[in-house]
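**Q** Here you go, final30.cif (mmCIF, C-alpha atoms and all ligand atoms):
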data_entry
#
loop_
_atom_site.label_atom_id
_atom_site.label_comp_id
_atom_site.auth_asym_id
_atom_site.auth_seq_id
_atom_site.Cartn_x
_atom_site.Cartn_y
_atom_site.Cartn_z
CA MET G 1030 -16.95 -7.00 -9.12
CA LYS G 1031 -14.20 -9.60 -9.10
CA LYS G 1032 -11.30 -9.31 -6.70
CA LEU G 1033 -7.63 -9.18 -7.64
CA LEU G 1034 -4.84 -9.45 -5.10
CA ILE G 1035 -1.75 -7.84 -6.61
CA THR G 1036 1.62 -7.81 -4.88
CA GLY G 1037 4.97 -6.04 -5.35
CA PHE G 1038 8.26 -6.64 -3.55
CA GLU G 1039 10.32 -4.51 -1.21
CA PRO G 1040 13.83 -3.59 -2.48
CA PHE G 1041 16.58 -6.23 -2.35
CA GLY G 1042 20.13 -6.86 -3.48
CA GLY G 1043 21.36 -3.38 -2.53
CA GLU G 1044 18.69 -1.52 -4.53
CA LYS G 1045 16.87 1.43 -2.95
CA ILE G 1046 13.56 0.78 -4.68
CA ASN G 1047 11.82 -2.12 -6.31
CA PRO G 1048 9.95 -1.14 -9.49
CA SER G 1049 7.46 -3.97 -8.90
CA TRP G 1050 5.92 -2.34 -5.82
CA GLU G 1051 6.34 1.17 -7.26
CA ALA G 1052 4.34 0.14 -10.35
CA VAL G 1053 1.67 -1.73 -8.36
CA LYS G 1054 1.20 1.37 -6.18
CA LEU G 1055 0.48 3.46 -9.32
CA LEU G 1056 -2.34 1.20 -10.49
CA PRO G 1057 -5.93 2.43 -10.21
CA ASP G 1058 -8.12 0.69 -7.62
CA LYS G 1059 -10.36 -0.74 -10.35
CA ILE G 1060 -9.28 -2.24 -13.67
CA GLY G 1061 -11.81 -3.90 -15.99
CA ASP G 1062 -13.91 -6.29 -13.92
CA PHE G 1063 -11.45 -6.27 -11.02
CA GLU G 1064 -11.24 -4.42 -7.76
CA LEU G 1065 -7.57 -4.36 -6.70
CA ASN G 1066 -6.10 -5.16 -3.33
CA LYS G 1067 -2.39 -4.24 -3.26
CA ILE G 1068 0.28 -5.35 -0.81
CA GLU G 1069 4.04 -4.97 -0.55
CA ILE G 1070 5.79 -8.19 0.44
CA PRO G 1071 9.22 -9.15 1.83
CA VAL G 1072 12.04 -10.60 -0.28
CA VAL G 1073 12.38 -13.60 2.01
CA PHE G 1074 12.05 -17.27 1.07
CA GLY G 1075 8.86 -18.69 2.54
CA LYS G 1076 7.76 -15.44 4.16
CA ALA G 1077 6.77 -13.88 0.82
CA ALA G 1078 4.45 -16.79 0.05
CA LYS G 1079 3.03 -16.92 3.59
CA THR G 1080 2.21 -13.20 3.44
CA VAL G 1081 0.42 -13.54 0.09
CA ILE G 1082 -1.50 -16.70 0.99
CA LYS G 1083 -2.58 -15.25 4.37
CA LYS G 1084 -3.91 -12.11 2.66
CA ALA G 1085 -5.60 -14.21 -0.02
CA GLU G 1086 -7.32 -16.40 2.56
CA GLU G 1087 -8.65 -13.21 4.11
CA ILE G 1088 -9.96 -11.47 0.99
CA LYS G 1089 -10.70 -14.55 -1.16
CA PRO G 1090 -9.61 -13.07 -4.51
CA ASP G 1091 -10.62 -14.45 -7.91
CA ALA G 1092 -7.10 -13.83 -9.14
CA ILE G 1093 -3.63 -13.23 -7.72
CA ILE G 1094 -0.86 -11.48 -9.65
CA CYS G 1095 2.56 -11.23 -8.05
CA VAL G 1096 4.99 -8.77 -9.59
CA GLY G 1097 8.77 -8.72 -9.15
CA GLN G 1098 11.90 -7.09 -10.51
CA ALA G 1099 14.04 -8.90 -13.04
CA GLY G 1100 16.99 -6.55 -13.48
CA GLY G 1101 18.60 -6.92 -16.90
CA ARG G 1102 15.45 -7.96 -18.76
CA THR G 1103 14.41 -5.66 -21.60
CA GLY G 1104 10.65 -5.99 -21.26
CA VAL G 1105 7.74 -6.99 -19.08
CA THR G 1106 7.65 -10.78 -18.81
CA PRO G 1107 4.64 -12.75 -17.55
CA GLU G 1108 5.92 -16.11 -16.34
CA MET G 1109 4.49 -19.34 -17.78
CA VAL G 1110 5.90 -21.72 -15.20
CA ALA G 1111 7.27 -22.09 -11.67
CA ILE G 1112 9.75 -24.82 -10.73
CA ASN G 1113 10.14 -26.63 -7.43
CA LEU G 1114 13.67 -25.41 -6.78
CA ARG G 1115 15.32 -22.86 -4.54
CA PHE G 1116 18.82 -21.70 -5.50
CA ALA G 1117 19.94 -18.27 -4.36
CA SER G 1118 23.08 -16.65 -5.75
CA ILE G 1119 22.59 -13.77 -3.27
CA THR G 1120 21.07 -13.87 0.22
CA ASP G 1121 17.45 -12.83 0.68
CA ASN G 1122 16.54 -9.91 2.96
CA GLU G 1123 16.87 -12.10 6.07
CA GLY G 1124 20.20 -13.69 5.13
CA ASN G 1125 18.86 -16.99 3.78
CA GLN G 1126 20.69 -18.51 0.83
CA PRO G 1127 19.21 -21.89 -0.05
CA LYS G 1128 21.13 -24.00 -2.57
CA ASP G 1129 19.30 -26.65 -4.53
CA VAL G 1130 16.45 -27.45 -2.17
CA PRO G 1131 12.79 -27.80 -3.15
CA CYS G 1132 10.25 -25.01 -2.57
CA VAL G 1133 7.78 -27.68 -1.45
CA PRO G 1134 9.26 -31.07 -0.47
CA ASP G 1135 7.55 -33.77 -2.57
CA GLY G 1136 5.78 -31.11 -4.64
CA GLU G 1137 5.52 -31.47 -8.40
CA ASN G 1138 8.60 -30.49 -10.39
CA ALA G 1139 6.81 -27.62 -12.10
CA LEU G 1140 3.48 -25.84 -12.06
CA PHE G 1141 2.00 -23.75 -14.87
CA SER G 1142 0.47 -20.32 -14.36
CA THR G 1143 -3.31 -20.49 -14.23
CA LEU G 1144 -3.95 -16.99 -15.63
CA PRO G 1145 -3.78 -16.54 -19.45
CA VAL G 1146 -0.19 -15.26 -19.61
CA ARG G 1147 0.04 -15.60 -23.41
CA LYS G 1148 -3.04 -13.46 -23.93
CA MET G 1149 -1.82 -10.96 -21.36
CA ALA G 1150 1.62 -10.64 -22.99
CA GLU G 1151 0.13 -10.28 -26.46
CA ALA G 1152 -2.24 -7.55 -25.28
CA VAL G 1153 0.64 -5.57 -23.77
CA SER G 1154 2.96 -5.89 -26.76
CA ALA G 1155 0.09 -4.99 -29.13
CA LYS G 1156 -0.04 -1.63 -27.34
CA GLY G 1157 3.68 -1.07 -28.01
CA THR G 1158 5.41 -2.02 -24.75
CA PRO G 1159 8.08 -4.75 -24.96
CA CYS G 1160 6.43 -7.79 -23.40
CA SER G 1161 6.82 -11.52 -23.92
CA VAL G 1162 6.10 -14.73 -22.07
CA SER G 1163 9.04 -16.00 -20.02
CA TYR G 1164 9.63 -19.68 -19.37
CA SER G 1165 11.78 -19.25 -16.28
CA ALA G 1166 11.05 -17.18 -13.21
CA GLY G 1167 14.52 -18.11 -11.92
CA THR G 1168 15.17 -19.96 -8.66
CA TYR G 1169 15.10 -17.05 -6.20
CA VAL G 1170 12.25 -15.61 -4.11
CA CYS G 1171 9.93 -14.76 -7.06
CA ASN G 1172 9.88 -18.32 -8.37
CA ASP G 1173 9.49 -19.62 -4.82
CA LEU G 1174 6.52 -17.33 -4.22
CA ILE G 1175 4.62 -18.22 -7.37
CA TYR G 1176 5.38 -21.93 -6.95
CA HIS G 1177 3.82 -21.82 -3.47
CA VAL G 1178 0.79 -19.83 -4.62
CA LEU G 1179 0.12 -22.16 -7.58
CA HIS G 1180 0.62 -25.17 -5.32
CA HIS G 1181 -1.76 -23.82 -2.68
CA TYR G 1182 -4.53 -23.03 -5.19
CA LYS G 1183 -4.04 -26.07 -7.45
CA GLY G 1184 -7.41 -27.16 -8.87
CA MET G 1185 -9.19 -24.31 -7.15
CA GLU G 1186 -11.04 -21.27 -8.45
CA THR G 1187 -8.35 -18.73 -7.57
CA LYS G 1188 -6.11 -18.20 -10.61
CA SER G 1189 -2.63 -16.78 -10.42
CA CYS G 1190 0.51 -15.77 -12.26
CA PHE G 1191 3.78 -13.92 -11.80
CA ILE G 1192 4.95 -10.94 -13.87
CA HIS G 1193 8.60 -9.86 -13.89
CA VAL G 1194 9.36 -6.24 -14.73
CA PRO G 1195 12.68 -4.62 -15.74
CA PHE G 1196 14.66 -1.94 -13.94
CA ILE G 1197 13.47 1.65 -14.20
CA PRO G 1198 15.95 4.26 -15.56
CA GLU G 1199 16.57 5.66 -12.04
CA GLN G 1200 18.17 2.33 -11.04
CA THR G 1201 20.76 1.90 -13.77
CA ASN G 1202 23.09 3.60 -16.26
CA ASP G 1203 24.04 0.61 -18.36
CA LYS G 1204 21.26 -1.99 -18.05
CA PRO G 1205 17.98 -2.11 -19.98
CA SER G 1206 15.09 -0.30 -18.33
CA LEU G 1207 11.55 0.97 -18.86
CA PRO G 1208 9.93 4.06 -17.33
CA LEU G 1209 7.84 3.33 -14.24
CA GLU G 1210 4.66 4.68 -15.88
CA THR G 1211 5.20 2.35 -18.86
CA ILE G 1212 5.52 -0.64 -16.52
CA ALA G 1213 2.38 0.35 -14.62
CA LYS G 1214 0.45 0.80 -17.88
CA ALA G 1215 1.65 -2.63 -19.04
CA LEU G 1216 0.32 -4.20 -15.83
CA GLU G 1217 -3.00 -2.44 -16.37
CA ILE G 1218 -3.28 -3.77 -19.94
CA ALA G 1219 -2.32 -7.26 -18.79
CA ILE G 1220 -5.06 -7.20 -16.14
CA GLU G 1221 -7.64 -5.96 -18.66
CA ALA G 1222 -6.74 -8.91 -20.89
CA ILE G 1223 -7.56 -11.58 -18.28
N1 LIG F 1301 12.78 -10.05 -7.74
C1 LIG F 1301 13.41 -11.23 -7.17
C2 LIG F 1301 12.85 -11.36 -5.79
C3 LIG F 1301 12.20 -10.05 -5.49
C4 LIG F 1301 12.13 -9.35 -6.78
O1 LIG F 1301 11.54 -8.27 -6.97
C5 LIG F 1301 13.30 -12.47 -8.07
O2 LIG F 1301 13.20 -12.33 -9.29
O3 LIG F 1301 13.32 -13.59 -7.54
#
As structure tokens, what does this structure read like?
**A**
Amino acid sequence: MKKLLITGFEPFGGEKINPSWEAVKLLPDKIGDFELNKIEIPVVFGKAAKTVIKKAEEIKPDAIICVGQAGGRTGVTPEMVAINLRFASITDNEGNQPKDVPCVPDGENALFSTLPVRKMAEAVSAKGTPCSVSYSAGTYVCNDLIYHVLHHYKGMETKSCFIHVPFIPEQTNDKPSLPLETIAKALEIAIEAI
């Protein structure tokens, strides 16, 4: 079987839960050809990427999918690209608030996802869950994480991408949301489509 490292984030920004980790936790241990290895990671610039890369060096996965919350989005959004920029409008969970500094000094401006995000998004939306490719993962910890992972594995066998997920109804009264089970099912379909 192939190995998939899949990560979700701890809560941040005053939230009590993060649907990314809640959804990852609900996934079965095997999906399609993949055996899953799941970890929860900190919402901290640099530390998130270090945690993922350290785990990946240990288990040597064929693929890495990092999942994060994008509150306000209406659907599940696999990210096409990561940019080499940190700009935080709120502090991370250790009080860091970088403003316009690179993720990797002298790194390329942008790196594309190496998993088939288009195919993954199409497979999910074909099954009826709102899902579309996003062309900006923002400039906060999620973008920083996937930039570092793509940079680390550039030209190598390990393929990776980031998937943002919306709030769940328990988190909001007035923002778009999707039920947790729907988000988990969408991740499962996306993984099957790889
Ligand atoms: N979302 C944030 C960081 C952690 C998370 O779940 C982001 O989109 O950068």
**Q** Return as a PyMOL selection string every polymer residue, whether protein, DNA or RNA, with at least one atom no more than 6 Å from an atom of ligand LIG 1301 (chain F); count only C-alpha atoms and all ligand atoms.
**A** chain G and resi 1038+1072+1097-1099+1169-1172
**Q** Kindly indicate which residue among G:Pro1127, G:Pro1040, G:Pro1159, G:Pro1090 lies nearest to Pro1195 (chain G), using all atoms listed in the file for the distances.
**A**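 The answer is G:Pro1159, which sits nearest to Pro1195 (chain G).
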**Q** CA of Gly1124 (chain G) and CA of Glu1069 (chain G), how far apart in Å?
**A**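 For CA of Glu1069 (chain G) relative to CA of Gly1124 (chain G), the distance reads 19.2 Å.
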**Q** Using all atoms listed in the file, which of G:Met1030, G:Val1081, G:Ala1150, G:Ile1068 sits nearest Val1105 (chain G)?
**A**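 Counting all atoms listed in the file, the residue closest to Val1105 (chain G) is G:Ala1150.
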**Q** Extract, using all atoms listed in the file, all DNA, RNA and protein residues at most 8 Å from region 1031-1037 of chain G, discarding same-chain residues fewer than 2 positions from it, and format them as a PyMOL selection string.
**A** chain G and resi 1039+1047+1049-1053+1062-1070+1081+1085+1089-1097
**Q** Could you name the residues that touch Ala1219 (chain G) at 7 Å or less, counting all atoms listed in the file, but leaving out those on the same chain fewer than 4 positions away, as a count of residues only?
**A** 6
**Q** For region 1167-1173 of chain G, take all atoms listed in the file, fit an axis-aligned box around them, add 4 Å to each of the six sides, then output centre and edge lengths in Å rounded to one decimal, as AutoDock Vina command-line options.
**A**
--center_x 12.3 --center_y -17.4 --center_z -8.0 --size_x 13.7 --size_y 13.2 --size_z 15.8
**Q** Which one is closest to Asp1058 (chain G): G:Gln1126, G:Glu1217, G:Pro1208, G:Thr1080? Count only C-alpha atoms.
**A**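 Under the stated criterion, the closest residue is G:Glu1217.
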**Q** Interatomic distance between CA of Ile1197 (chain G) and CA of Glu1108 (chain G)?
**A**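 About the pair CA of Ile1197 (chain G) and CA of Glu1108 (chain G): they are 19.4 Å apart.
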**Q** Would you mind listing what lies within 10 Å of Thr1103 (chain G) as a list in words, with only C-alpha atoms counted and same-chain residues fewer than 3 positions away left out?
**A**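 My reading of the contact set: Ala1099, Gly1100, Thr1106, Pro1159, Cys1160, Ser1161, Val1194, Pro1195, Phe1196, Lys1204, Pro1205, Ser1206 and Leu1207 of chain G.
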**Q** Between CA of Thr1120 (chain G) and CA of Lys1079 (chain G), what distance in Å does the model show, to one decimal?
**A**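 Computing the Euclidean distance for CA of Thr1120 (chain G) and CA of Lys1079 (chain G) yields 18.6 Å.
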**Q** I'd like to know which of G:Lys1076, G:Ile1046, G:His1181, G:Ser1165 is closest to Thr1201 (chain G), using all atoms listed in the file.
**A**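 Closest to Thr1201 (chain G) of all the choices is G:Ile1046.
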**Q** Of the candidates G:Lys1188, G:Thr1211, G:Gly1075, G:Ser1163, which shows the shortest atom-to-atom distance to Asn1125 (chain G), using only C-alpha atoms?
**A**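 Once distances to Asn1125 (chain G) are computed over only C-alpha atoms, the minimum belongs to G:Gly1075.
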**Q** Using only C-alpha atoms for the distances, tell me which of G:Tyr1182, G:Pro1057, G:Glu1086, G:Ala1111 is nearest to Gly1167 (chain G).
**A**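 Among G:Tyr1182, G:Pro1057, G:Glu1086, G:Ala1111, it is G:Ala1111 that comes nearest to Gly1167 (chain G).
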**Q** Could you rebuild region 1045-1056 of chain G with all heavy atoms and give me the result as a compact mmCIF listing (two decimals), keeping the file's coordinate frame?
**A**
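In the end it all went to part-v3.txt:
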# COMPACT_ATOMS: atom_id res chain seq x y z
N LYS G 1045 17.62 0.56 -3.87
CA LYS G 1045 16.87 1.43 -2.95
C LYS G 1045 15.37 1.33 -3.19
O LYS G 1045 14.56 1.65 -2.31
CB LYS G 1045 17.31 2.88 -3.12
CG LYS G 1045 18.72 3.10 -2.60
CD LYS G 1045 18.97 4.57 -2.29
CE LYS G 1045 20.32 4.76 -1.63
NZ LYS G 1045 21.44 4.30 -2.51
N ILE G 1046 14.99 0.96 -4.39
CA ILE G 1046 13.56 0.78 -4.68
C ILE G 1046 13.38 -0.51 -5.47
O ILE G 1046 14.34 -1.04 -6.05
CB ILE G 1046 12.96 1.94 -5.51
CG1 ILE G 1046 13.76 2.18 -6.80
CG2 ILE G 1046 12.86 3.22 -4.71
CD1 ILE G 1046 13.02 3.02 -7.80
N ASN G 1047 12.15 -0.97 -5.47
CA ASN G 1047 11.82 -2.12 -6.31
C ASN G 1047 10.69 -1.68 -7.24
O ASN G 1047 9.61 -1.33 -6.77
CB ASN G 1047 11.39 -3.31 -5.45
CG ASN G 1047 11.26 -4.59 -6.27
OD1 ASN G 1047 10.78 -4.56 -7.41
ND2 ASN G 1047 11.70 -5.70 -5.70
N PRO G 1048 10.95 -1.66 -8.56
CA PRO G 1048 9.95 -1.14 -9.49
C PRO G 1048 8.63 -1.93 -9.44
O PRO G 1048 7.59 -1.41 -9.85
CB PRO G 1048 10.61 -1.27 -10.86
CG PRO G 1048 11.71 -2.25 -10.68
CD PRO G 1048 12.15 -2.15 -9.26
N SER G 1049 8.70 -3.17 -8.95
CA SER G 1049 7.46 -3.97 -8.90
C SER G 1049 6.44 -3.31 -7.97
O SER G 1049 5.29 -3.09 -8.34
CB SER G 1049 7.75 -5.41 -8.50
OG SER G 1049 8.23 -5.50 -7.17
N TRP G 1050 6.88 -2.97 -6.76
CA TRP G 1050 5.92 -2.34 -5.82
C TRP G 1050 5.59 -0.92 -6.26
O TRP G 1050 4.45 -0.46 -6.15
CB TRP G 1050 6.47 -2.39 -4.39
CG TRP G 1050 5.61 -1.65 -3.40
CD1 TRP G 1050 5.99 -0.64 -2.60
CD2 TRP G 1050 4.21 -1.89 -3.11
NE1 TRP G 1050 4.92 -0.21 -1.84
CE2 TRP G 1050 3.82 -0.96 -2.13
CE3 TRP G 1050 3.25 -2.78 -3.62
CZ2 TRP G 1050 2.52 -0.89 -1.63
CZ3 TRP G 1050 1.95 -2.72 -3.13
CH2 TRP G 1050 1.59 -1.79 -2.14
N GLU G 1051 6.60 -0.20 -6.80
CA GLU G 1051 6.34 1.17 -7.26
C GLU G 1051 5.26 1.17 -8.35
O GLU G 1051 4.38 2.03 -8.36
CB GLU G 1051 7.62 1.82 -7.80
CG GLU G 1051 8.75 1.96 -6.78
CD GLU G 1051 8.34 2.75 -5.53
OE1 GLU G 1051 7.64 3.77 -5.68
OE2 GLU G 1051 8.70 2.34 -4.42
N ALA G 1052 5.32 0.20 -9.26
CA ALA G 1052 4.34 0.14 -10.35
C ALA G 1052 2.97 -0.29 -9.82
O ALA G 1052 1.95 0.26 -10.22
CB ALA G 1052 4.83 -0.82 -11.44
N VAL G 1053 2.96 -1.27 -8.92
CA VAL G 1053 1.67 -1.73 -8.36
C VAL G 1053 0.98 -0.57 -7.64
O VAL G 1053 -0.23 -0.38 -7.77
CB VAL G 1053 1.89 -2.95 -7.42
CG1 VAL G 1053 0.65 -3.24 -6.59
CG2 VAL G 1053 2.29 -4.18 -8.24
N LYS G 1054 1.77 0.21 -6.91
CA LYS G 1054 1.20 1.37 -6.18
C LYS G 1054 0.51 2.36 -7.12
O LYS G 1054 -0.43 3.03 -6.74
CB LYS G 1054 2.33 2.12 -5.45
CG LYS G 1054 2.56 1.64 -4.05
CD LYS G 1054 3.37 2.64 -3.24
CE LYS G 1054 4.78 2.78 -3.75
NZ LYS G 1054 5.67 3.58 -2.88
N LEU G 1055 1.04 2.49 -8.36
CA LEU G 1055 0.48 3.46 -9.32
C LEU G 1055 -0.83 3.00 -9.95
O LEU G 1055 -1.51 3.79 -10.60
CB LEU G 1055 1.48 3.71 -10.45
CG LEU G 1055 2.71 4.57 -10.20
CD1 LEU G 1055 3.48 4.75 -11.51
CD2 LEU G 1055 2.32 5.93 -9.64
N LEU G 1056 -1.15 1.72 -9.79
CA LEU G 1056 -2.34 1.20 -10.49
C LEU G 1056 -3.62 1.78 -9.89
O LEU G 1056 -3.70 2.00 -8.68
CB LEU G 1056 -2.39 -0.33 -10.39
CG LEU G 1056 -1.27 -1.08 -11.11
CD1 LEU G 1056 -1.36 -2.58 -10.80
CD2 LEU G 1056 -1.34 -0.84 -12.62
